[in-house]
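**Q** Have a peek at coords02.cif (mmCIF, C-alpha atoms and all ligand atoms).
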data_run
loop_
_atom_site.label_atom_id
_atom_site.label_comp_id
_atom_site.auth_asym_id
_atom_site.auth_seq_id
_atom_site.Cartn_x
_atom_site.Cartn_y
_atom_site.Cartn_z
CA MET A 1 0.00 0.00 0.00
CA THR A 2 1.22 3.51 -0.72
CA VAL A 3 1.15 6.36 1.75
CA LYS A 4 -1.44 8.10 -0.44
CA GLN A 5 -3.74 5.07 -0.32
CA LEU A 6 -3.50 5.06 3.46
CA THR A 7 -4.80 8.63 3.65
CA GLU A 8 -7.96 7.51 1.84
CA LEU A 9 -8.94 5.09 4.62
CA GLU A 10 -11.26 5.90 7.51
CA PHE A 11 -9.58 7.68 10.48
CA PHE A 12 -6.64 8.91 8.38
CA SER A 13 -6.01 12.33 6.86
CA SER A 14 -3.08 13.78 5.01
CA VAL A 15 -0.96 16.50 6.61
CA THR A 16 2.06 16.56 4.28
CA LEU A 17 2.47 14.21 1.33
CA PRO A 18 5.63 15.15 -0.57
CA ASP A 19 6.26 11.49 -1.47
CA PRO A 20 2.74 10.04 -1.95
CA GLU A 21 3.81 6.93 -3.86
CA ARG A 22 6.17 5.71 -1.11
CA SER A 23 5.22 2.17 -0.23
CA ILE A 24 4.46 1.13 3.35
CA ASP A 25 6.22 -2.16 4.12
CA GLY A 26 5.65 -2.46 7.85
CA VAL A 27 4.67 -0.65 11.03
CA TYR A 28 6.54 0.55 14.10
CA ILE A 29 4.88 2.08 17.17
CA GLY A 30 6.83 4.16 19.68
CA ASP A 31 7.38 7.56 21.23
CA LEU A 32 10.92 7.29 22.56
CA LEU A 33 13.08 8.49 19.71
CA SER A 34 16.09 6.25 20.28
CA TRP A 35 13.87 3.18 20.31
CA VAL A 36 12.47 4.25 16.96
CA MET A 37 15.99 4.83 15.60
CA GLY A 38 17.07 1.42 16.84
CA ARG A 39 14.07 -0.68 15.95
CA ALA A 40 12.03 0.84 13.12
CA SER A 41 12.84 -0.48 9.65
CA SER A 42 13.24 1.50 6.49
CA GLY A 43 9.80 1.75 4.84
CA ASP A 44 7.80 1.39 8.08
CA ALA A 45 4.83 3.56 8.88
CA TRP A 46 5.76 5.04 12.26
CA ILE A 47 2.87 5.55 14.68
CA THR A 48 3.54 8.04 17.48
CA ILE A 49 1.91 10.68 19.66
CA MET A 50 5.06 12.80 19.74
CA SER A 51 4.61 16.13 18.03
CA ASN A 52 7.83 18.12 18.48
CA VAL A 53 10.08 18.94 15.55
CA ASN A 54 12.64 16.24 16.42
CA ILE A 55 10.33 13.56 14.97
CA LEU A 56 11.22 14.89 11.51
CA ALA A 57 14.94 14.15 11.78
CA VAL A 58 14.15 10.71 13.22
CA ALA A 59 11.78 9.87 10.37
CA SER A 60 14.28 11.12 7.83
CA LEU A 61 17.28 9.24 9.22
CA ALA A 62 15.40 6.03 10.03
CA ASP A 63 13.93 6.32 6.52
CA THR A 64 10.36 5.55 7.54
CA ALA A 65 7.65 5.73 4.85
CA CYS A 66 5.58 8.18 6.89
CA ILE A 67 4.88 9.46 10.38
CA ILE A 68 1.36 8.71 11.60
CA VAL A 69 0.44 11.07 14.43
CA ALA A 70 -2.21 9.22 16.42
CA GLU A 71 -4.84 10.21 19.01
CA ASN A 72 -5.86 13.26 17.02
CA VAL A 73 -2.71 15.07 18.21
CA LYS A 74 -2.12 18.17 16.07
CA LEU A 75 1.23 19.49 14.92
CA ASP A 76 2.39 23.11 15.03
CA ASP A 77 2.52 24.96 11.73
CA VAL A 78 6.32 25.26 11.91
CA VAL A 79 6.63 21.49 12.20
CA ILE A 80 4.35 21.00 9.20
CA LYS A 81 6.25 23.57 7.17
CA THR A 82 9.60 21.96 8.02
CA ALA A 83 8.22 18.52 7.10
CA GLU A 84 7.27 19.84 3.68
CA GLU A 85 10.76 21.26 3.19
CA LYS A 86 12.38 18.01 4.33
CA ASN A 87 10.12 15.77 2.21
CA ILE A 88 8.59 13.92 5.15
CA ASN A 89 5.15 12.33 4.74
CA ILE A 90 2.87 12.97 7.72
CA ILE A 91 -0.60 11.58 8.30
CA TYR A 92 -3.05 12.26 11.12
CA SER A 93 -4.97 9.45 12.70
CA ALA A 94 -8.13 10.29 14.63
CA VAL A 95 -7.83 7.18 16.81
CA GLY A 96 -5.28 5.70 19.22
CA ALA A 97 -2.14 3.77 18.34
CA TYR A 98 -3.85 0.39 18.78
CA GLU A 99 -6.81 1.18 16.53
CA THR A 100 -4.46 2.83 14.06
CA ALA A 101 -2.33 -0.30 13.91
CA LEU A 102 -5.41 -2.51 13.51
CA ALA A 103 -6.58 -0.42 10.56
CA LEU A 104 -3.11 -0.68 9.00
CA SER A 105 -2.99 -4.40 9.62
CA LYS A 106 -6.25 -4.87 7.70
CA ALA A 107 -5.05 -2.71 4.82
CA LEU A 108 -1.48 -3.95 4.39
CA MET B 1 44.17 4.15 2.36
CA SER B 2 43.32 7.42 0.72
CA GLU B 3 40.80 9.75 2.26
CA LEU B 4 38.39 10.70 -0.47
CA LEU B 5 36.32 13.30 1.32
CA ASN B 6 35.80 14.86 4.70
CA PHE B 7 33.14 17.04 6.24
CA HIS B 8 33.36 19.19 9.34
CA PHE B 9 30.43 20.49 11.39
CA VAL B 10 30.07 22.66 14.44
CA VAL B 11 27.19 21.31 16.51
CA ASP B 12 25.40 24.05 18.41
CA GLY B 13 24.59 23.19 22.00
CA ASP B 14 21.95 25.80 22.66
CA ASP B 15 19.00 24.60 20.71
CA PHE B 16 17.97 20.97 20.72
CA THR B 17 14.81 21.68 18.76
CA CYS B 18 16.86 21.81 15.58
CA ALA B 19 19.55 19.33 16.63
CA GLY B 20 20.45 16.68 14.10
CA GLN B 21 21.19 19.01 11.21
CA ALA B 22 24.73 17.75 10.70
CA SER B 23 23.49 14.15 10.45
CA VAL B 24 20.77 15.09 7.99
CA GLN B 25 23.39 16.90 5.89
CA VAL B 26 25.73 13.88 5.98
CA LYS B 27 22.88 11.67 4.84
CA LYS B 28 22.38 13.96 1.84
CA ASN B 29 26.09 13.99 1.02
CA LEU B 30 26.40 10.20 1.20
CA ARG B 31 23.38 9.89 -1.07
CA GLN B 32 25.01 12.14 -3.62
CA LEU B 33 28.10 9.95 -3.46
CA GLY B 34 25.89 6.99 -4.32
CA LEU B 35 26.65 4.86 -1.25
CA PRO B 36 24.34 1.88 -0.58
CA PRO B 37 21.15 2.91 1.28
CA GLU B 38 21.79 0.54 4.20
CA ILE B 39 25.25 2.04 4.78
CA ILE B 40 23.80 5.55 4.63
CA ARG B 41 21.10 4.61 7.12
CA ARG B 42 23.58 3.11 9.59
CA VAL B 43 25.99 6.06 9.35
CA SER B 44 23.31 8.70 9.70
CA ILE B 45 21.49 7.04 12.62
CA ALA B 46 24.73 6.47 14.56
CA MET B 47 25.84 10.02 13.89
CA TYR B 48 22.45 11.45 14.89
CA GLU B 49 22.54 9.67 18.24
CA GLY B 50 26.02 11.03 18.89
CA GLU B 51 25.11 14.50 17.71
CA ILE B 52 22.03 14.62 19.95
CA ASN B 53 24.12 13.41 22.88
CA MET B 54 26.58 16.26 22.36
CA VAL B 55 23.68 18.73 22.35
CA ILE B 56 21.76 17.43 25.37
CA HIS B 57 24.61 16.15 27.53
CA ALA B 58 27.66 18.22 26.57
CA GLY B 59 26.55 21.67 25.35
CA GLY B 60 27.54 21.01 21.75
CA GLY B 61 30.77 20.02 20.02
CA VAL B 62 32.27 19.29 16.65
CA ALA B 63 31.66 16.47 14.20
CA ASP B 64 34.04 15.21 11.53
CA VAL B 65 33.11 12.68 8.89
CA ASN B 66 35.83 11.05 6.80
CA ILE B 67 34.97 8.93 3.82
CA THR B 68 37.48 6.49 2.38
CA GLU B 69 37.06 3.74 -0.18
CA ASP B 70 36.63 1.21 2.61
CA PHE B 71 34.72 2.91 5.40
CA VAL B 72 32.95 6.00 6.71
CA GLU B 73 34.46 7.35 9.92
CA ILE B 74 32.57 9.65 12.29
CA ILE B 75 34.40 11.53 15.04
CA LEU B 76 32.36 13.48 17.59
CA ALA B 77 34.26 15.62 20.06
CA ASP B 78 32.92 17.78 22.88
CA LYS B 79 34.20 19.66 25.90
CA GLY B 80 31.28 18.65 28.09
CA PRO B 81 31.26 17.00 31.53
CA GLY B 82 32.62 13.66 30.30
CA ILE B 83 31.28 10.20 31.13
CA LYS B 84 32.30 8.80 34.51
CA ASP B 85 31.38 5.16 33.96
CA ILE B 86 31.42 4.26 30.26
CA SER B 87 30.21 0.68 30.65
CA GLN B 88 27.21 1.92 32.66
CA ALA B 89 26.47 4.58 30.02
CA MET B 90 26.58 1.88 27.32
CA GLN B 91 23.81 -0.13 29.01
CA GLU B 92 20.37 -0.04 27.40
CA GLY B 93 18.07 2.11 29.53
CA TYR B 94 20.74 4.09 31.38
CA SER B 95 20.12 7.82 31.06
CA THR B 96 20.77 11.00 33.00
CA ALA B 97 18.44 13.07 30.79
CA THR B 98 16.24 15.62 32.57
CA ASP B 99 12.43 15.51 32.54
CA ASN B 100 12.39 18.43 30.16
CA ILE B 101 14.46 16.50 27.62
CA ARG B 102 12.50 13.30 28.21
CA SER B 103 9.28 15.11 27.35
CA LEU B 104 10.69 15.56 23.82
CA GLY B 105 11.16 11.81 23.45
CA PHE B 106 14.85 11.60 24.33
CA GLY B 107 16.28 9.87 27.39
CA ALA B 108 15.43 6.24 26.68
CA GLY B 109 19.06 5.36 27.27
CA MET B 110 19.26 3.75 23.84
CA GLY B 111 21.51 6.19 21.98
CA LEU B 112 24.93 4.75 22.79
CA PRO B 113 23.67 1.14 22.33
CA ASN B 114 22.28 2.15 18.92
CA MET B 115 25.62 3.69 17.95
CA LYS B 116 27.34 0.43 18.84
CA ARG B 117 24.75 -1.63 16.97
CA TYR B 118 24.82 0.34 13.76
CA THR B 119 28.60 0.65 13.43
CA ASP B 120 31.42 -1.81 12.85
CA TYR B 121 33.78 -0.03 15.23
CA MET B 122 33.18 2.35 18.14
CA SER B 123 35.45 3.78 20.78
CA ILE B 124 34.69 6.24 23.58
CA ASP B 125 37.42 8.40 24.98
CA SER B 126 36.17 10.44 27.91
CA VAL B 127 37.71 12.40 30.76
CA VAL B 128 35.45 13.72 33.49
CA GLY B 129 35.53 17.51 33.49
CA GLU B 130 37.29 17.67 30.12
CA GLY B 131 35.08 16.11 27.50
CA THR B 132 34.27 13.15 25.33
CA THR B 133 35.45 11.98 21.92
CA ILE B 134 33.60 9.17 20.18
CA THR B 135 34.98 7.52 17.05
CA MET B 136 32.81 5.25 14.92
CA LYS B 137 33.37 3.43 11.65
CA VAL B 138 31.01 1.80 9.22
CA ASN B 139 32.65 -0.46 6.65
CA ILE B 140 31.53 0.05 3.11
CA ASN B 141 32.18 -3.46 1.83
N1 LIG A 201 28.74 13.36 24.90
C1 LIG A 201 28.39 13.05 26.16
N2 LIG A 201 28.85 13.78 27.21
C2 LIG A 201 28.51 13.47 28.47
N3 LIG A 201 27.71 12.45 28.80
C3 LIG A 201 27.21 11.69 27.83
C4 LIG A 201 27.53 11.94 26.45
N4 LIG A 201 26.90 11.00 25.69
C5 LIG A 201 26.24 10.22 26.54
N5 LIG A 201 26.42 10.61 27.83
C6 LIG A 201 25.89 9.95 29.05
O1 LIG A 201 25.54 8.62 28.75
C7 LIG A 201 24.15 8.40 29.02
C8 LIG A 201 23.59 7.39 28.04
O2 LIG A 201 23.59 7.95 26.71
P1 LIG A 201 22.53 7.42 25.65
O3 LIG A 201 22.69 8.17 24.40
O4 LIG A 201 22.65 5.93 25.57
O5 LIG A 201 21.12 7.73 26.32
P2 LIG A 201 20.37 9.14 26.46
O6 LIG A 201 21.02 10.16 25.59
O7 LIG A 201 20.28 9.48 27.90
O8 LIG A 201 18.92 8.78 25.90
P3 LIG A 201 18.55 8.48 24.36
O9 LIG A 201 19.81 8.46 23.58
O10 LIG A 201 17.86 7.15 24.38
O11 LIG A 201 17.62 9.58 23.96
C9 LIG A 201 23.52 9.77 28.97
O12 LIG A 201 22.30 9.84 29.68
C10 LIG A 201 24.62 10.63 29.57
O13 LIG A 201 24.63 10.53 30.98
MG MG A 202 21.39 9.72 23.59
#
What is this structure when it is put down as C-alpha cells?
Ligand SMILES: Nc1ncnc2c1ncn2[C@@H]1O[C@H](COP(=O)(O)OP(=O)(O)OP(=O)(O)O)[C@@H](O)[C@H]1O
Ligand SMILES: [Mg+2]
**A**
Amino acid sequence: MTVKQLTELEFFSSVTLPDPERSIDGVYIGDLLSWVMGRASSGDAWITIMSNVNILAVASLADTACIIVAENVKLDDVVIKTAEEKNINIIYSAVGAYETALALSKAL
Amino acid sequence: MSELLNFHFVVDGDDFTCAGQASVQVKKNLRQLGLPPEIIRRVSIAMYEGEINMVIHAGGGVADVNITEDFVEIILADKGPGIKDISQAMQEGYSTATDNIRSLGFGAGMGLPNMKRYTDYMSIDSVVGEGTTITMKVNIN
C-alpha cells in the first residue's frame, strides 16, 4: 500500500504528502526516539503521539515511509512547514495507536 | 588508504529543537556519493545519536566525517562534563536526561547502544571535566 492510499482510509487524513507513492512495508509504534531509531525499519509507517520537531529528523534518518500522528494530536505549523521542506510524509490518525495499527494491519 | 572526502560540522549546544542538522546533511552527502542505502542509514542514525548526545549532555561540540574507499568514519568531540562510567552509560536504559528532555522523546538510554549496533567499530574516549570523543566506523564493503 502507498502512503497516499492510506490517507484515503477511515480515520486517516493527510498533513504533508511530498512522497505520496512511497510504499508502506511495515509498522513501528513508539514515542521514545532512540527506540524508533534502533528498531524501526526502512519503509515502516511510524505511529507516534510525539509532536515536536525532532520527529522529523528521526523519520528522515530512520527512513520511515511516513509518520502517523495518532490520538488526534495536532502538529504546530512550523513542524508542518519543516516537514514539507524536508520531504517527510505525515498523516493524522483520529484514533489511538492500537486502533491505528489494527486499521493498518487490515489494509497492508 | 586514501581519504576521499571529509566534512566538518560545528554542533550548536543551545537549541535541541533543531539538533540533528549535521546528520541530515551527511545523509544527503552520502546519497550524492551513491553509497548503498543501508550504509547511509547506519551512518546517519549512529551520527544522529552522537550528535544529539553532544547537544543534550555536553553543550555542543564538533563532528568530523571522513569517507574512504573502505569505510565511513565519524568523530564526535565535545568539551562537556565527560562520562564517569562508560560501561554503565553503554547499558540499554541508562540515562541522566532531565524531565524536560525526556518530554521531547529523548532519554530512553538507547543512543549509545544504537551507535554500537549500527557501526562496525566504536570507541569512547572520555575524561570527566574535560570532554568526550567518540569515534565510529562503518565499513563500506
Ligand atoms: N557526549 C556526552 N557527554 C557526556 N555524557 C554523555 C555523552 N553522551 C552520553 N552521555 C551519558 O551517557 C548516558 C547514556 O547515553 P545514551 O545516548 O545511551 O542515552 P540518552 O542520551 O540518555 O537517551 P537516548 O539516547 O535514548 O535519547 C547519557 O544519559 C549521559 O549521561
Ligand atoms: Mg542519547
**Q** Which residue is closest to ligand LIG 201 (chain A)? Choose from B:Gln21, B:Gln91, B:Ser123, B:Asn66 and count all atoms listed in the file.
**A**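 Of all the options, B:Gln91 lies closest to ligand LIG 201 (chain A).
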**Q** For Asp25 (chain A), list every protein, DNA or RNA residue within 9 Å, evaluated using only C-alpha atoms, and leave out those in the same chain fewer than 4 positions away; present the list as a PDB file with C-alpha atoms, in the frame of the given file.
**A**
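Output contents, as saved in around11.pdb:
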ATOM      1  CA  MET A   1       0.000   0.000   0.000  1.00  0.00           C
ATOM      2  CA  THR A   2       1.220   3.510  -0.720  1.00  0.00           C
ATOM      3  CA  SER A  41      12.840  -0.480   9.650  1.00  0.00           C
ATOM      4  CA  SER A  42      13.240   1.500   6.490  1.00  0.00           C
ATOM      5  CA  GLY A  43       9.800   1.750   4.840  1.00  0.00           C
ATOM      6  CA  ASP A  44       7.800   1.390   8.080  1.00  0.00           C
ATOM      7  CA  ALA A  45       4.830   3.560   8.880  1.00  0.00           C
ATOM      8  CA  ALA A  65       7.650   5.730   4.850  1.00  0.00           C
ATOM      9  CA  LEU A 108      -1.480  -3.950   4.390  1.00  0.00           C
TER      10      LEU A 108
END
**Q** Hey, which of A:Val53, A:Ala59, A:Ala103, A:Ala94 ends up closest to chain B? Count all atoms listed in the file.
**A**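 Smallest distance to chain B is found for A:Val53.
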**Q** Where does chain B meet chain A within 12 Å, residue by residue, with the nearest atom pair and distance in Å to one decimal for each, counting only C-alpha atoms, listed by chain and rising number, as JSON lines?
**A**
{"residue": "B:Asp15", "atom": "CA", "partner": "A:Asn54", "partner_atom": "CA", "distance": 11.3}
{"residue": "B:Phe16", "atom": "CA", "partner": "A:Asn54", "partner_atom": "CA", "distance": 8.3}
{"residue": "B:Thr17", "atom": "CA", "partner": "A:Asn54", "partner_atom": "CA", "distance": 6.3}
{"residue": "B:Cys18", "atom": "CA", "partner": "A:Asn54", "partner_atom": "CA", "distance": 7.0}
{"residue": "B:Ala19", "atom": "CA", "partner": "A:Asn54", "partner_atom": "CA", "distance": 7.6}
{"residue": "B:Gly20", "atom": "CA", "partner": "A:Ala57", "partner_atom": "CA", "distance": 6.5}
{"residue": "B:Gln21", "atom": "CA", "partner": "A:Ala57", "partner_atom": "CA", "distance": 7.9}
{"residue": "B:Ala22", "atom": "CA", "partner": "A:Ala57", "partner_atom": "CA", "distance": 10.5}
{"residue": "B:Ser23", "atom": "CA", "partner": "A:Leu61", "partner_atom": "CA", "distance": 8.0}
{"residue": "B:Val24", "atom": "CA", "partner": "A:Leu61", "partner_atom": "CA", "distance": 6.9}
{"residue": "B:Gln25", "atom": "CA", "partner": "A:Leu61", "partner_atom": "CA", "distance": 10.3}
{"residue": "B:Val26", "atom": "CA", "partner": "A:Leu61", "partner_atom": "CA", "distance": 10.2}
{"residue": "B:Lys27", "atom": "CA", "partner": "A:Leu61", "partner_atom": "CA", "distance": 7.5}
{"residue": "B:Lys28", "atom": "CA", "partner": "A:Leu61", "partner_atom": "CA", "distance": 10.1}
{"residue": "B:Arg31", "atom": "CA", "partner": "A:Leu61", "partner_atom": "CA", "distance": 12.0}
{"residue": "B:Pro37", "atom": "CA", "partner": "A:Asp63", "partner_atom": "CA", "distance": 9.6}
{"residue": "B:Glu38", "atom": "CA", "partner": "A:Ser42", "partner_atom": "CA", "distance": 8.9}
{"residue": "B:Ile39", "atom": "CA", "partner": "A:Leu61", "partner_atom": "CA", "distance": 11.6}
{"residue": "B:Ile40", "atom": "CA", "partner": "A:Leu61", "partner_atom": "CA", "distance": 8.8}
{"residue": "B:Arg41", "atom": "CA", "partner": "A:Leu61", "partner_atom": "CA", "distance": 6.4}
{"residue": "B:Arg42", "atom": "CA", "partner": "A:Ala62", "partner_atom": "CA", "distance": 8.7}
{"residue": "B:Val43", "atom": "CA", "partner": "A:Leu61", "partner_atom": "CA", "distance": 9.3}
{"residue": "B:Ser44", "atom": "CA", "partner": "A:Leu61", "partner_atom": "CA", "distance": 6.1}
{"residue": "B:Ile45", "atom": "CA", "partner": "A:Leu61", "partner_atom": "CA", "distance": 5.8}
{"residue": "B:Ala46", "atom": "CA", "partner": "A:Met37", "partner_atom": "CA", "distance": 9.0}
{"residue": "B:Met47", "atom": "CA", "partner": "A:Leu61", "partner_atom": "CA", "distance": 9.8}
{"residue": "B:Tyr48", "atom": "CA", "partner": "A:Leu61", "partner_atom": "CA", "distance": 8.0}
{"residue": "B:Glu49", "atom": "CA", "partner": "A:Ser34", "partner_atom": "CA", "distance": 7.6}
{"residue": "B:Gly50", "atom": "CA", "partner": "A:Ser34", "partner_atom": "CA", "distance": 11.1}
{"residue": "B:Glu51", "atom": "CA", "partner": "A:Ala57", "partner_atom": "CA", "distance": 11.8}
{"residue": "B:Ile52", "atom": "CA", "partner": "A:Asn54", "partner_atom": "CA", "distance": 10.2}
{"residue": "B:Asn53", "atom": "CA", "partner": "A:Ser34", "partner_atom": "CA", "distance": 11.1}
{"residue": "B:Glu92", "atom": "CA", "partner": "A:Trp35", "partner_atom": "CA", "distance": 10.1}
{"residue": "B:Gly93", "atom": "CA", "partner": "A:Trp35", "partner_atom": "CA", "distance": 10.2}
{"residue": "B:Ser95", "atom": "CA", "partner": "A:Ser34", "partner_atom": "CA", "distance": 11.6}
{"residue": "B:Ile101", "atom": "CA", "partner": "A:Leu32", "partner_atom": "CA", "distance": 11.1}
{"residue": "B:Arg102", "atom": "CA", "partner": "A:Leu32", "partner_atom": "CA", "distance": 8.4}
{"residue": "B:Ser103", "atom": "CA", "partner": "A:Met50", "partner_atom": "CA", "distance": 9.0}
{"residue": "B:Leu104", "atom": "CA", "partner": "A:Asn52", "partner_atom": "CA", "distance": 6.6}
{"residue": "B:Gly105", "atom": "CA", "partner": "A:Leu32", "partner_atom": "CA", "distance": 4.6}
{"residue": "B:Phe106", "atom": "CA", "partner": "A:Leu33", "partner_atom": "CA", "distance": 5.8}
{"residue": "B:Gly107", "atom": "CA", "partner": "A:Leu32", "partner_atom": "CA", "distance": 7.7}
{"residue": "B:Ala108", "atom": "CA", "partner": "A:Leu32", "partner_atom": "CA", "distance": 6.2}
{"residue": "B:Gly109", "atom": "CA", "partner": "A:Ser34", "partner_atom": "CA", "distance": 7.6}
{"residue": "B:Met110", "atom": "CA", "partner": "A:Ser34", "partner_atom": "CA", "distance": 5.4}
{"residue": "B:Gly111", "atom": "CA", "partner": "A:Ser34", "partner_atom": "CA", "distance": 5.7}
{"residue": "B:Leu112", "atom": "CA", "partner": "A:Ser34", "partner_atom": "CA", "distance": 9.3}
{"residue": "B:Pro113", "atom": "CA", "partner": "A:Gly38", "partner_atom": "CA", "distance": 8.6}
{"residue": "B:Asn114", "atom": "CA", "partner": "A:Gly38", "partner_atom": "CA", "distance": 5.7}
{"residue": "B:Met115", "atom": "CA", "partner": "A:Gly38", "partner_atom": "CA", "distance": 8.9}
{"residue": "B:Lys116", "atom": "CA", "partner": "A:Gly38", "partner_atom": "CA", "distance": 10.5}
{"residue": "B:Arg117", "atom": "CA", "partner": "A:Gly38", "partner_atom": "CA", "distance": 8.3}
{"residue": "B:Tyr118", "atom": "CA", "partner": "A:Gly38", "partner_atom": "CA", "distance": 8.4}
**Q** So how far away is CA of Ala70 (chain A) from CA of Leu17 (chain A), in Å?
**A**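 Computing it gives 16.6 Å between the two atoms.
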**Q** Excluding region 126-129 of chain B and any residue of its chain fewer than 4 positions from it, enumerate the residues within 7 Å of it, using only C-alpha atoms, and give them as an mmCIF file with C-alpha atoms, in the frame of the given file.
**A**
data_model
loop_
_atom_site.group_PDB
_atom_site.id
_atom_site.type_symbol
_atom_site.label_atom_id
_atom_site.label_comp_id
_atom_site.auth_asym_id
_atom_site.auth_seq_id
_atom_site.Cartn_x
_atom_site.Cartn_y
_atom_site.Cartn_z
ATOM 1 C CA GLY B 80 31.280 18.650 28.090
ATOM 2 C CA PRO B 81 31.260 17.000 31.530
ATOM 3 C CA GLY B 82 32.620 13.660 30.300
ATOM 4 C CA ILE B 83 31.280 10.200 31.130
ATOM 5 C CA LYS B 84 32.300 8.800 34.510
ATOM 6 C CA THR B 133 35.450 11.980 21.920
#
**Q** Work out how far CA of Thr48 (chain A) is from CA of Ile67 (chain A), in Å to one decimal.
**A**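 Answer for the CA of Ile67 (chain A) to CA of Thr48 (chain A) separation: 7.4 Å.
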**Q** So what do you get for CA of Val27 (chain A) versus CA of Leu30 (chain B), distance-wise?
**A**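 Going from CA of Val27 (chain A) over to CA of Leu30 (chain B) covers 26.2 Å.
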**Q** Show which residues sit within 8 Å of Ala77 (chain B), as JSON, numbers by chain. Count all atoms listed in the file, and ignore same-chain residues fewer than 2 positions away.
**A** {"B": [61, 62, 63, 75, 79, 131, 132, 133, 134]}
